[in-house]
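Enquirer: Before we start, here is the structure in question, set down as structure tokens.
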Amino acid sequence: MEFAEKIKHFLDWLLGPVTFFLFSVIGFGAMIAFRGWWTRTPVALSLFGLSVVVFLLSMTDAQFRVIIEKPDNIPIVIMLCSIGFLLWLAFRKMAINDGLIEQGLPTIEARESKKRVMCWPDLIYSEFLIAILVTIALLWWAIEIKAPLEEPANPAVTPNPSKAPWYFLGLQEMLVYYDPWLAGVVFPTLIIGGLQAIPYIDMNTKGNGYFTFKERPFAITVYLFGFIVLWVLLIMLGTFLRGPNWSFFGFFEYWDIHKLTSLNNVNLSEYFWNTWLGMPLPENIFLRELPGFAVVIFYFAALPPILANTVFKRFFIECGFIRYNVMANLFLFMAALPIKMALRWLFNLKYIVGIPEWFFNI
Amino acid sequence: MALFKNLTETQIWKSIFRHKYPDNTRDQALAVLSNVFLHLHPIKVRKSGVRMSFTWCMGGVTFFLFLVETITGILLMFYFRPVVEYAFNDMKDLREVTPMGIMRELHRWGAHLMVITVWLHMLRVFLTGSYKPPREFNWNVGVILLVLTLLLSFTGYLLPWDQLAIWAVTVGTNMARATPLLGHEGPGAALLTLGDIPIITAGSDVRFGLLGGTVVGPATLMRFYVLHCVFIPMIAGVLMAVHFWRVRKDGGISGPL
Amino acid sequence: MASTTPPTRTANAQLTRRSFLESVSTGWFIFTAACIAGLSATARFFFPNDLFEPPTRFKIGLPENYAPNSVDENWKAKYRIWVVRDGEKIVILNATCTHLGCTPNWLLTEGKFKCPCHGSGFYRDGINFEGPAPRPLERFKLSLAADGQIEVDKSRKYQKELGQWNDPDSFLKIS
Ligand code: HEM
Ligand code: FES
């Protein structure tokens, strides 16, 4: 027991918000890089077994169990399991198909795509079967677990912590780093608009209708990074690791309302004028925020052409001017989230441009 | 067996089913063609496209869950009154007093599951590159369906009128205050004035239009109820029809060319 | 026969190419304008004229009831305000976080307001010092009514970042 406690403490200490995110990114890179290895059945089975063991051991911890067993958190567990399984399936097929393509052989899908089968029974039977299975699962779930109902609504008392529905917790986590007009309005709009733009900016004609990684590595990496790391893992972080006062807690740490965290954040303007130039903040708002504006303008106006001449050279030539710029800007907006997270953790940076007078904070 | 044979020989049976038992190609085709629900499907499909390991059947499960939500939702409407004084107690009664007290659970867990399956459906469409020409438009219809699914879940979250509900919605809708130009705490809103009078205030911005008040109150409950039960499902239903239609018109489930 | 040009319908009806285009574009213009007007009218439908929200003007008792250097939470449930007295000065703080509008809690031992939603912290005077809140808590107008009670008017608010906290209506001096 002693030993178990020590491990839990170690894990709590190990998994701060920073390290959680860092490990997520490293794990994501490893998933992409070693896809040929971990999708092999024995490895995948061992990984699966390992996670089951870790999960079961964790369930012996009271704190962990309290959070996992909240009725509204059960879907998250279901989601994580299904994503894990389906990613395995997809990556396995990718690895196999990539091998086949390399040898000049038709992919798994191509072997069967010329052949047509009757809808009845081939498709309709499986649809019927799945509908029954889903119904049974849903009935069982509904009988086992009651839908939550808390105290009646009371505008004067905010529950602590107060969380959005789980599927929006990624957005709520963004709110810690960006102001509502960005995290709550501009970014969601760009996520939707960006998703809609995908078919029109992806000029790669390969990989249409079959699983492959090698033929479209950039598209798949970026999409999975957005979905897995910036969406699903942030949901996990928001659900399991954010406690009272939105403080960060380890998986096994007791949710103490009085946990002290220092959250004194500093604006870029203060760094620039006070710390580096050793002078007071200028009165004029524009002058005060000049360094911030310079950074933002550089990021969105100067980086795309620079990238077009360096790492994105091939895209620029393939896509043309308009497509390339849409793509580059969407990409930069997506990168803006992890960048600001890192700046917050490393330098306690609050705002790059901070003009609360006009509600204009970046 | 003889009984079955007799049954299928009756005029009533024949008036409903215009084909024989589908154990041959002709009747299998007719079974799909002559049924208004099944003719959503083509007669023949790519072998690779019916593989569960290819489609994960996630689009189909999402649609099935949408049907489950529609049915259980309509049943809940028989008891639930979207008025502040009643809403919470009606929810409690649905659990404690109403017969078959799992209707709310079916509806809630089904909704959560639908959010998950939409995401997974989208993941598989992306990973198989199925958004590429000629399916660009259908991917776009899909993105709108994704947004509508999330909005359905979000508007439904307010209806129990408990602490969980109003605070999630308060925090969620407060972001609308910060909409550039159109929210009273958004950048640029202060620029919109008539002389000295600001146009965008807490009583006139987008959030006010959404909530029907300056705080999440009785008007909001009514609004979200109508959005949740009528408005969004209707639009989603129409778009699903377009979505399925386009799956077929764009050449069926995608596969290597 | 061949030399006489048959009278064209255009000439007869005085319908030139130009006037035809003009009437068509006028028609479309009116149609578009009518659609926009109809949609805006429908949008206006969603902004009610009459609200069923609590009154914005109310009395909260005598100034002496509030101890010096204290934060009074008695009106929080009813009106969503704190009454903060700092020596001789009383201000009314809006108990709504300036981040996304949760209701913060007063932590007596730590001497700060702390928001449960995303962790913003405010000093007793309402100034933000930690977490994502972009600006200090708002203050409401207060005055002494004829019967000696404090009267709060929530329809007038004062924001520090706009320099409004010096407004004499935003605080009450007790002599
Ligand atoms: C309410 C939500 C949705 C429902 C009910 C739905 C349903 C379906 C169904 C039944 C199919 C047939 C193939 C399959 O099952 O995989 C399909 C295909 C498709 N869906 Fe959806 N879908 C929804 C949302 C989405 C979303 C969010 C996207 C992407 C952003 C999307 C994009 C597509 C595309 C591109 C296809 C064609 C794929 C192919 O031909 O392989 N759909 N959808
Ligand atoms: S609402 Fe108070 S910190 Fe976000």
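Going by the structure tokens order, chains are called A, B, ..., each with residues numbered from 1, while ligands are numbered from 1 in the order shown.
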Please provide the set of residues having any atom within 8 Å of segment 316-325 of chain A, restricted to only C-alpha atoms, with same-chain residues fewer than 4 positions apart removed, written as a PyMOL selection string.

Expert: chain A and resi 200-201+203+304+308+312+329

Enquirer: Keeping only N, CA and C atoms, write those residues as a PDB file, in the first residue's frame.

Expert:
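Produced file selection.pdb, reproduced below:
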```pdb
ATOM      1  N   TYR A 200     -11.212  21.648 -50.046  1.00  0.00           N
ATOM      2  CA  TYR A 200     -10.849  22.587 -51.091  1.00  0.00           C
ATOM      3  C   TYR A 200      -9.392  23.014 -51.016  1.00  0.00           C
ATOM      4  N   ILE A 201      -8.734  22.734 -49.909  1.00  0.00           N
ATOM      5  CA  ILE A 201      -7.324  23.118 -49.856  1.00  0.00           C
ATOM      6  C   ILE A 201      -6.399  21.900 -49.931  1.00  0.00           C
ATOM      7  N   MET A 203      -4.930  19.414 -51.972  1.00  0.00           N
ATOM      8  CA  MET A 203      -4.807  19.194 -53.414  1.00  0.00           C
ATOM      9  C   MET A 203      -4.257  17.816 -53.742  1.00  0.00           C
ATOM     10  N   PRO A 304       3.439  33.402 -43.311  1.00  0.00           N
ATOM     11  CA  PRO A 304       3.033  32.627 -44.502  1.00  0.00           C
ATOM     12  C   PRO A 304       3.998  32.752 -45.673  1.00  0.00           C
ATOM     13  N   ALA A 308       6.209  29.795 -47.174  1.00  0.00           N
ATOM     14  CA  ALA A 308       6.031  29.428 -48.586  1.00  0.00           C
ATOM     15  C   ALA A 308       7.375  29.251 -49.269  1.00  0.00           C
ATOM     16  N   PHE A 312       7.045  24.989 -46.606  1.00  0.00           N
ATOM     17  CA  PHE A 312       5.816  24.728 -47.359  1.00  0.00           C
ATOM     18  C   PHE A 312       5.977  24.968 -48.850  1.00  0.00           C
ATOM     19  N   ASN A 329      -2.904  30.199 -43.023  1.00  0.00           N
ATOM     20  CA  ASN A 329      -3.508  30.919 -41.905  1.00  0.00           C
ATOM     21  C   ASN A 329      -4.257  29.998 -40.969  1.00  0.00           C
TER      22      ASN A 329
END
```

Enquirer: Which residues are near ligand 2 in this structure, taking near to mean any atom at most 7 Å from a ligand atom and counting only C-alpha atoms and all ligand atoms? Format them as a list in words.

Expert: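 After applying the 7 Å limit, what remains is Val171 of chain B; Cys97, Thr98, His99, Leu100, Gly101, Cys102, Pro104, Cys115, Pro116, Cys117, His118, Gly119, Ser120, Gly131, Pro132 and Ala133 of chain C.
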
Enquirer: Once you have the residues from the selection above, write them out as a PDB file, in the first residue's frame, restricted to N, CA, C and O atoms.

Expert:
```pdb
ATOM      1  N   VAL B 171     -22.022  29.813 -18.691  1.00  0.00           N
ATOM      2  CA  VAL B 171     -20.652  29.965 -19.165  1.00  0.00           C
ATOM      3  C   VAL B 171     -20.601  29.892 -20.692  1.00  0.00           C
ATOM      4  O   VAL B 171     -19.954  30.699 -21.353  1.00  0.00           O
TER       5      VAL B 171
ATOM      6  N   CYS C  97     -18.327  37.390 -12.424  1.00  0.00           N
ATOM      7  CA  CYS C  97     -16.945  37.374 -12.888  1.00  0.00           C
ATOM      8  C   CYS C  97     -16.845  38.056 -14.259  1.00  0.00           C
ATOM      9  O   CYS C  97     -17.689  37.830 -15.132  1.00  0.00           O
ATOM     10  N   THR C  98     -15.826  38.880 -14.424  1.00  0.00           N
ATOM     11  CA  THR C  98     -15.688  39.596 -15.699  1.00  0.00           C
ATOM     12  C   THR C  98     -15.139  38.703 -16.791  1.00  0.00           C
ATOM     13  O   THR C  98     -14.976  39.140 -17.919  1.00  0.00           O
ATOM     14  N   HIS C  99     -14.848  37.446 -16.438  1.00  0.00           N
ATOM     15  CA  HIS C  99     -14.393  36.546 -17.488  1.00  0.00           C
ATOM     16  C   HIS C  99     -15.597  36.021 -18.263  1.00  0.00           C
ATOM     17  O   HIS C  99     -15.860  36.448 -19.371  1.00  0.00           O
ATOM     18  N   LEU C 100     -16.340  35.108 -17.651  1.00  0.00           N
ATOM     19  CA  LEU C 100     -17.497  34.573 -18.352  1.00  0.00           C
ATOM     20  C   LEU C 100     -18.746  34.540 -17.489  1.00  0.00           C
ATOM     21  O   LEU C 100     -19.655  33.775 -17.748  1.00  0.00           O
ATOM     22  N   GLY C 101     -18.771  35.365 -16.438  1.00  0.00           N
ATOM     23  CA  GLY C 101     -20.023  35.561 -15.744  1.00  0.00           C
ATOM     24  C   GLY C 101     -20.423  34.542 -14.704  1.00  0.00           C
ATOM     25  O   GLY C 101     -21.581  34.471 -14.323  1.00  0.00           O
ATOM     26  N   CYS C 102     -19.497  33.703 -14.208  1.00  0.00           N
ATOM     27  CA  CYS C 102     -19.838  32.875 -13.063  1.00  0.00           C
ATOM     28  C   CYS C 102     -19.908  33.769 -11.827  1.00  0.00           C
ATOM     29  O   CYS C 102     -19.501  34.922 -11.857  1.00  0.00           O
ATOM     30  N   PRO C 104     -18.296  34.436  -8.422  1.00  0.00           N
ATOM     31  CA  PRO C 104     -17.129  34.075  -7.610  1.00  0.00           C
ATOM     32  C   PRO C 104     -17.515  33.887  -6.144  1.00  0.00           C
ATOM     33  O   PRO C 104     -18.615  34.251  -5.728  1.00  0.00           O
ATOM     34  N   CYS C 115     -13.028  32.806  -8.520  1.00  0.00           N
ATOM     35  CA  CYS C 115     -14.082  32.318  -9.400  1.00  0.00           C
ATOM     36  C   CYS C 115     -13.937  30.812  -9.617  1.00  0.00           C
ATOM     37  O   CYS C 115     -12.849  30.338  -9.941  1.00  0.00           O
ATOM     38  N   PRO C 116     -14.998  30.044  -9.425  1.00  0.00           N
ATOM     39  CA  PRO C 116     -14.893  28.590  -9.557  1.00  0.00           C
ATOM     40  C   PRO C 116     -14.779  28.113 -10.996  1.00  0.00           C
ATOM     41  O   PRO C 116     -14.434  26.968 -11.230  1.00  0.00           O
ATOM     42  N   CYS C 117     -15.073  28.976 -11.958  1.00  0.00           N
ATOM     43  CA  CYS C 117     -15.147  28.463 -13.322  1.00  0.00           C
ATOM     44  C   CYS C 117     -13.781  28.303 -13.972  1.00  0.00           C
ATOM     45  O   CYS C 117     -13.452  27.248 -14.481  1.00  0.00           O
ATOM     46  N   HIS C 118     -12.993  29.359 -13.965  1.00  0.00           N
ATOM     47  CA  HIS C 118     -11.663  29.224 -14.570  1.00  0.00           C
ATOM     48  C   HIS C 118     -10.598  29.833 -13.680  1.00  0.00           C
ATOM     49  O   HIS C 118      -9.517  30.183 -14.128  1.00  0.00           O
ATOM     50  N   GLY C 119     -10.937  30.025 -12.408  1.00  0.00           N
ATOM     51  CA  GLY C 119      -9.917  30.371 -11.441  1.00  0.00           C
ATOM     52  C   GLY C 119      -9.488  31.814 -11.370  1.00  0.00           C
ATOM     53  O   GLY C 119      -8.420  32.108 -10.839  1.00  0.00           O
ATOM     54  N   SER C 120     -10.288  32.767 -11.861  1.00  0.00           N
ATOM     55  CA  SER C 120      -9.888  34.165 -11.717  1.00  0.00           C
ATOM     56  C   SER C 120      -9.939  34.567 -10.248  1.00  0.00           C
ATOM     57  O   SER C 120     -10.815  34.128  -9.508  1.00  0.00           O
ATOM     58  N   GLY C 131      -5.572  34.536 -12.905  1.00  0.00           N
ATOM     59  CA  GLY C 131      -6.537  33.846 -13.751  1.00  0.00           C
ATOM     60  C   GLY C 131      -6.898  34.660 -14.984  1.00  0.00           C
ATOM     61  O   GLY C 131      -6.325  35.705 -15.252  1.00  0.00           O
ATOM     62  N   PRO C 132      -7.866  34.135 -15.740  1.00  0.00           N
ATOM     63  CA  PRO C 132      -8.127  34.706 -17.060  1.00  0.00           C
ATOM     64  C   PRO C 132      -8.968  35.977 -17.089  1.00  0.00           C
ATOM     65  O   PRO C 132      -9.125  36.549 -18.160  1.00  0.00           O
ATOM     66  N   ALA C 133      -9.526  36.429 -15.966  1.00  0.00           N
ATOM     67  CA  ALA C 133     -10.390  37.619 -16.039  1.00  0.00           C
ATOM     68  C   ALA C 133      -9.603  38.792 -16.602  1.00  0.00           C
ATOM     69  O   ALA C 133      -8.514  39.091 -16.151  1.00  0.00           O
TER      70      ALA C 133
END
```

Enquirer: Neighbours of ligand 1 within 6 Å, counting only C-alpha atoms and all ligand atoms, as a count of residues only?

Expert: 23

Enquirer: Might you pull out every residue within 12 Å of Ala95 of chain A, with only C-alpha atoms counted and same-chain residues fewer than 2 positions away left off, and present them as JSON, numbers by chain?

Expert: {"A": [32, 33, 34, 35, 36, 37, 38, 39, 40, 87, 88, 89, 90, 91, 92, 93, 97, 98, 99, 100, 101, 102, 107, 108, 210, 211, 212, 213, 214, 215]}

Enquirer: Using only C-alpha atoms, which residue out of B:Ile71, B:Leu38, B:Val216, B:Leu239 lies closest to Trp167 of chain B?

Expert: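 So, comparing all the options, the nearest one is B:Val216.
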
Enquirer: Using only C-alpha atoms, determine which residues of chain A fall within 7 Å of chain B; present them as a compact mmCIF listing (two decimals) with N, CA, C and O atoms, in the first residue's frame.

Expert:
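Saved to result06.txt:
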```
# COMPACT_ATOMS: atom_id res chain seq x y z
N PRO A 75 -19.40 8.61 -20.72
CA PRO A 75 -19.19 8.69 -22.17
C PRO A 75 -17.72 8.93 -22.53
O PRO A 75 -17.27 8.44 -23.58
N MET A 79 -15.65 6.89 -25.14
CA MET A 79 -15.02 7.53 -26.29
C MET A 79 -13.55 7.14 -26.37
O MET A 79 -13.05 6.78 -27.44
N GLU A 109 -8.53 -2.37 -49.98
CA GLU A 109 -9.80 -1.89 -50.51
C GLU A 109 -9.87 -2.10 -52.02
O GLU A 109 -10.91 -2.49 -52.55
N ALA A 110 -8.72 -1.86 -52.70
CA ALA A 110 -8.75 -1.94 -54.17
C ALA A 110 -9.09 -3.34 -54.64
O ALA A 110 -9.72 -3.52 -55.67
N GLU A 112 -11.21 -5.24 -53.53
CA GLU A 112 -12.64 -5.55 -53.48
C GLU A 112 -13.51 -4.47 -54.07
O GLU A 112 -14.72 -4.59 -54.09
N SER A 113 -12.89 -3.38 -54.53
CA SER A 113 -13.74 -2.25 -54.88
C SER A 113 -14.41 -2.43 -56.23
O SER A 113 -15.40 -1.77 -56.52
N LYS A 114 -13.92 -3.31 -57.06
CA LYS A 114 -14.57 -3.52 -58.35
C LYS A 114 -15.79 -4.43 -58.18
O LYS A 114 -16.72 -4.38 -58.96
N LYS A 115 -15.73 -5.25 -57.14
CA LYS A 115 -16.80 -6.22 -56.96
C LYS A 115 -18.01 -5.55 -56.30
O LYS A 115 -17.86 -4.79 -55.36
N ARG A 116 -19.20 -5.84 -56.83
CA ARG A 116 -20.41 -5.27 -56.22
C ARG A 116 -21.20 -6.39 -55.55
O ARG A 116 -21.27 -7.49 -56.10
N VAL A 117 -21.78 -6.09 -54.41
CA VAL A 117 -22.63 -7.09 -53.77
C VAL A 117 -24.02 -6.51 -53.59
O VAL A 117 -24.21 -5.29 -53.60
N MET A 118 -24.99 -7.38 -53.42
CA MET A 118 -26.36 -6.92 -53.24
C MET A 118 -26.51 -6.25 -51.88
O MET A 118 -26.01 -6.73 -50.87
N CYS A 119 -27.26 -5.18 -51.87
CA CYS A 119 -27.48 -4.44 -50.62
C CYS A 119 -28.26 -5.32 -49.64
O CYS A 119 -27.96 -5.36 -48.46
N TRP A 120 -29.31 -5.92 -50.17
CA TRP A 120 -30.00 -6.95 -49.39
C TRP A 120 -29.42 -8.26 -49.84
O TRP A 120 -29.52 -8.57 -51.03
N LEU A 123 -25.67 -5.54 -46.84
CA LEU A 123 -25.59 -4.33 -46.03
C LEU A 123 -26.72 -4.29 -45.01
O LEU A 123 -26.51 -3.99 -43.83
N ALA A 131 -28.04 -2.12 -35.26
CA ALA A 131 -29.11 -1.38 -34.59
C ALA A 131 -29.55 -2.12 -33.33
O ALA A 131 -29.75 -1.53 -32.27
N LEU A 138 -27.57 0.49 -25.16
CA LEU A 138 -28.16 1.71 -24.63
C LEU A 138 -29.14 1.40 -23.50
O LEU A 138 -29.16 2.07 -22.46
N LEU A 139 -29.93 0.35 -23.69
CA LEU A 139 -30.89 -0.03 -22.65
C LEU A 139 -30.15 -0.41 -21.38
O LEU A 139 -30.51 0.02 -20.27
N ALA A 142 -28.86 2.64 -19.73
CA ALA A 142 -29.91 3.46 -19.12
C ALA A 142 -30.43 2.83 -17.84
O ALA A 142 -30.80 3.51 -16.90
N ILE A 143 -30.44 1.49 -17.80
CA ILE A 143 -30.94 0.83 -16.59
C ILE A 143 -29.90 0.91 -15.49
O ILE A 143 -30.21 1.16 -14.33
N LYS A 146 -28.23 6.14 -13.65
CA LYS A 146 -29.25 7.19 -13.65
C LYS A 146 -28.68 8.46 -14.27
O LYS A 146 -27.53 8.82 -14.03
N ALA A 147 -29.51 9.16 -15.01
CA ALA A 147 -29.10 10.48 -15.51
C ALA A 147 -28.98 11.42 -14.32
O ALA A 147 -29.79 11.35 -13.40
N LEU A 149 -29.12 14.57 -11.83
CA LEU A 149 -29.97 15.72 -11.57
C LEU A 149 -29.44 16.33 -10.28
O LEU A 149 -29.47 15.70 -9.24
N GLU A 150 -28.94 17.55 -10.37
CA GLU A 150 -28.35 18.15 -9.18
C GLU A 150 -29.37 19.02 -8.47
O GLU A 150 -30.57 18.88 -8.67
N GLU A 151 -28.88 19.95 -7.64
CA GLU A 151 -29.78 20.89 -6.98
C GLU A 151 -30.53 21.71 -8.03
O GLU A 151 -30.02 21.91 -9.12
N PRO A 152 -31.72 22.23 -7.67
CA PRO A 152 -32.40 23.12 -8.61
C PRO A 152 -31.53 24.33 -8.93
O PRO A 152 -30.69 24.72 -8.14
N ALA A 153 -31.77 24.91 -10.09
CA ALA A 153 -30.94 26.02 -10.55
C ALA A 153 -30.95 27.17 -9.55
O ALA A 153 -31.98 27.50 -8.98
N ASN A 154 -29.77 27.76 -9.32
CA ASN A 154 -29.65 28.88 -8.40
C ASN A 154 -28.59 29.84 -8.93
O ASN A 154 -27.40 29.56 -8.83
N THR A 158 -22.51 29.39 -7.77
CA THR A 158 -21.88 28.65 -8.86
C THR A 158 -21.22 27.42 -8.28
O THR A 158 -20.42 27.55 -7.36
N SER A 162 -17.12 24.47 -11.98
CA SER A 162 -18.29 24.53 -12.84
C SER A 162 -17.86 24.23 -14.26
O SER A 162 -17.08 24.96 -14.84
N LYS A 163 -18.35 23.12 -14.77
CA LYS A 163 -17.82 22.67 -16.05
C LYS A 163 -18.87 22.67 -17.14
O LYS A 163 -20.03 22.42 -16.90
N ALA A 164 -18.42 22.91 -18.36
CA ALA A 164 -19.28 22.80 -19.53
C ALA A 164 -19.56 21.32 -19.75
O ALA A 164 -18.92 20.46 -19.14
N PRO A 165 -20.54 20.96 -20.61
CA PRO A 165 -20.71 19.56 -20.96
C PRO A 165 -19.39 19.00 -21.46
O PRO A 165 -18.59 19.73 -22.06
N PRO A 180 -12.39 35.25 -24.11
CA PRO A 180 -13.59 34.68 -24.70
C PRO A 180 -13.82 35.05 -26.17
O PRO A 180 -14.31 34.22 -26.93
N TRP A 181 -13.48 36.25 -26.56
CA TRP A 181 -13.81 36.58 -27.96
C TRP A 181 -12.99 35.73 -28.91
O TRP A 181 -13.46 35.41 -30.00
N GLY A 184 -13.88 31.66 -27.46
CA GLY A 184 -15.29 31.30 -27.50
C GLY A 184 -15.96 31.61 -28.81
O GLY A 184 -16.98 31.03 -29.14
N VAL A 185 -15.41 32.53 -29.56
CA VAL A 185 -16.09 32.95 -30.79
C VAL A 185 -15.21 32.72 -32.03
O VAL A 185 -15.59 31.98 -32.94
N LEU A 195 -12.65 23.16 -41.04
CA LEU A 195 -13.07 21.82 -41.44
C LEU A 195 -13.75 21.86 -42.80
O LEU A 195 -13.53 21.00 -43.65
N GLN A 196 -14.57 22.91 -43.00
CA GLN A 196 -15.26 22.98 -44.29
C GLN A 196 -14.29 23.24 -45.42
O GLN A 196 -14.52 22.82 -46.55
N PRO A 199 -11.63 19.99 -47.90
CA PRO A 199 -11.63 19.38 -49.24
C PRO A 199 -11.14 20.34 -50.32
O PRO A 199 -10.70 19.89 -51.38
N GLY A 207 -4.90 8.73 -52.00
CA GLY A 207 -5.52 8.37 -50.73
C GLY A 207 -7.00 8.66 -50.70
O GLY A 207 -7.55 9.00 -49.67
N ASN A 208 -7.69 8.55 -51.84
CA ASN A 208 -9.12 8.78 -51.89
C ASN A 208 -9.85 7.44 -51.85
O ASN A 208 -9.90 6.73 -52.84
N GLY A 209 -10.38 7.11 -50.69
CA GLY A 209 -11.17 5.89 -50.61
C GLY A 209 -10.44 4.69 -50.07
O GLY A 209 -10.93 3.57 -50.18
N TYR A 210 -9.28 4.89 -49.50
CA TYR A 210 -8.60 3.78 -48.83
C TYR A 210 -7.68 4.33 -47.76
O TYR A 210 -7.34 5.50 -47.74
N PHE A 211 -7.30 3.45 -46.85
CA PHE A 211 -6.42 3.88 -45.77
C PHE A 211 -4.98 3.92 -46.25
O PHE A 211 -4.49 2.95 -46.83
N ILE A 220 -2.84 13.82 -42.63
CA ILE A 220 -3.25 12.96 -41.52
C ILE A 220 -2.63 13.41 -40.21
O ILE A 220 -3.30 13.46 -39.17
N TRP A 358 -10.86 48.15 -24.54
CA TRP A 358 -11.70 47.88 -25.71
C TRP A 358 -12.07 46.41 -25.80
O TRP A 358 -12.52 45.96 -26.85
N PHE A 359 -11.88 45.68 -24.75
CA PHE A 359 -12.11 44.23 -24.77
C PHE A 359 -11.29 43.58 -25.87
O PHE A 359 -11.73 42.64 -26.51
N PHE A 360 -10.11 44.12 -26.12
CA PHE A 360 -9.31 43.58 -27.21
C PHE A 360 -8.04 42.99 -26.63
O PHE A 360 -7.02 43.66 -26.50
```

Enquirer: Restrict the calculation to only C-alpha atoms, then for each residue of chain A with any atom at most 7 Å from an atom of chain C give the closest atom pair and their distance in Å to one decimal, rows by chain and rising residue number, as a tab-separated table.

Expert:
```
residue	atom	partner	partner_atom	distance
A:Ala156	CA	C:Ala77	CA	4.7
A:Val157	CA	C:Thr103	CA	6.5
A:Thr158	CA	C:Thr103	CA	5.5
A:Asn160	CA	C:Pro116	CA	4.8
A:Pro161	CA	C:Pro116	CA	5.1
A:Ser162	CA	C:Cys117	CA	5.1
A:Lys163	CA	C:Cys117	CA	6.9
A:Val176	CA	C:Pro132	CA	5.8
A:Pro244	CA	C:Pro116	CA	6.2
A:Asn245	CA	C:Pro116	CA	4.1
A:Trp246	CA	C:His118	CA	4.9
A:Ser247	CA	C:Gly119	CA	6.8
A:Leu263	CA	C:Glu130	CA	5.0
A:Asn264	CA	C:Glu130	CA	5.0
A:Asn265	CA	C:Glu130	CA	6.6
A:Pro356	CA	C:Pro134	CA	6.2
A:Glu357	CA	C:Glu161	CA	5.7
```

Enquirer: Please, what distance in Å, to one decimal, runs between atom CA of Leu56 of chain A and atom CA of Glu2 of chain A?

Expert: 18.0 Å
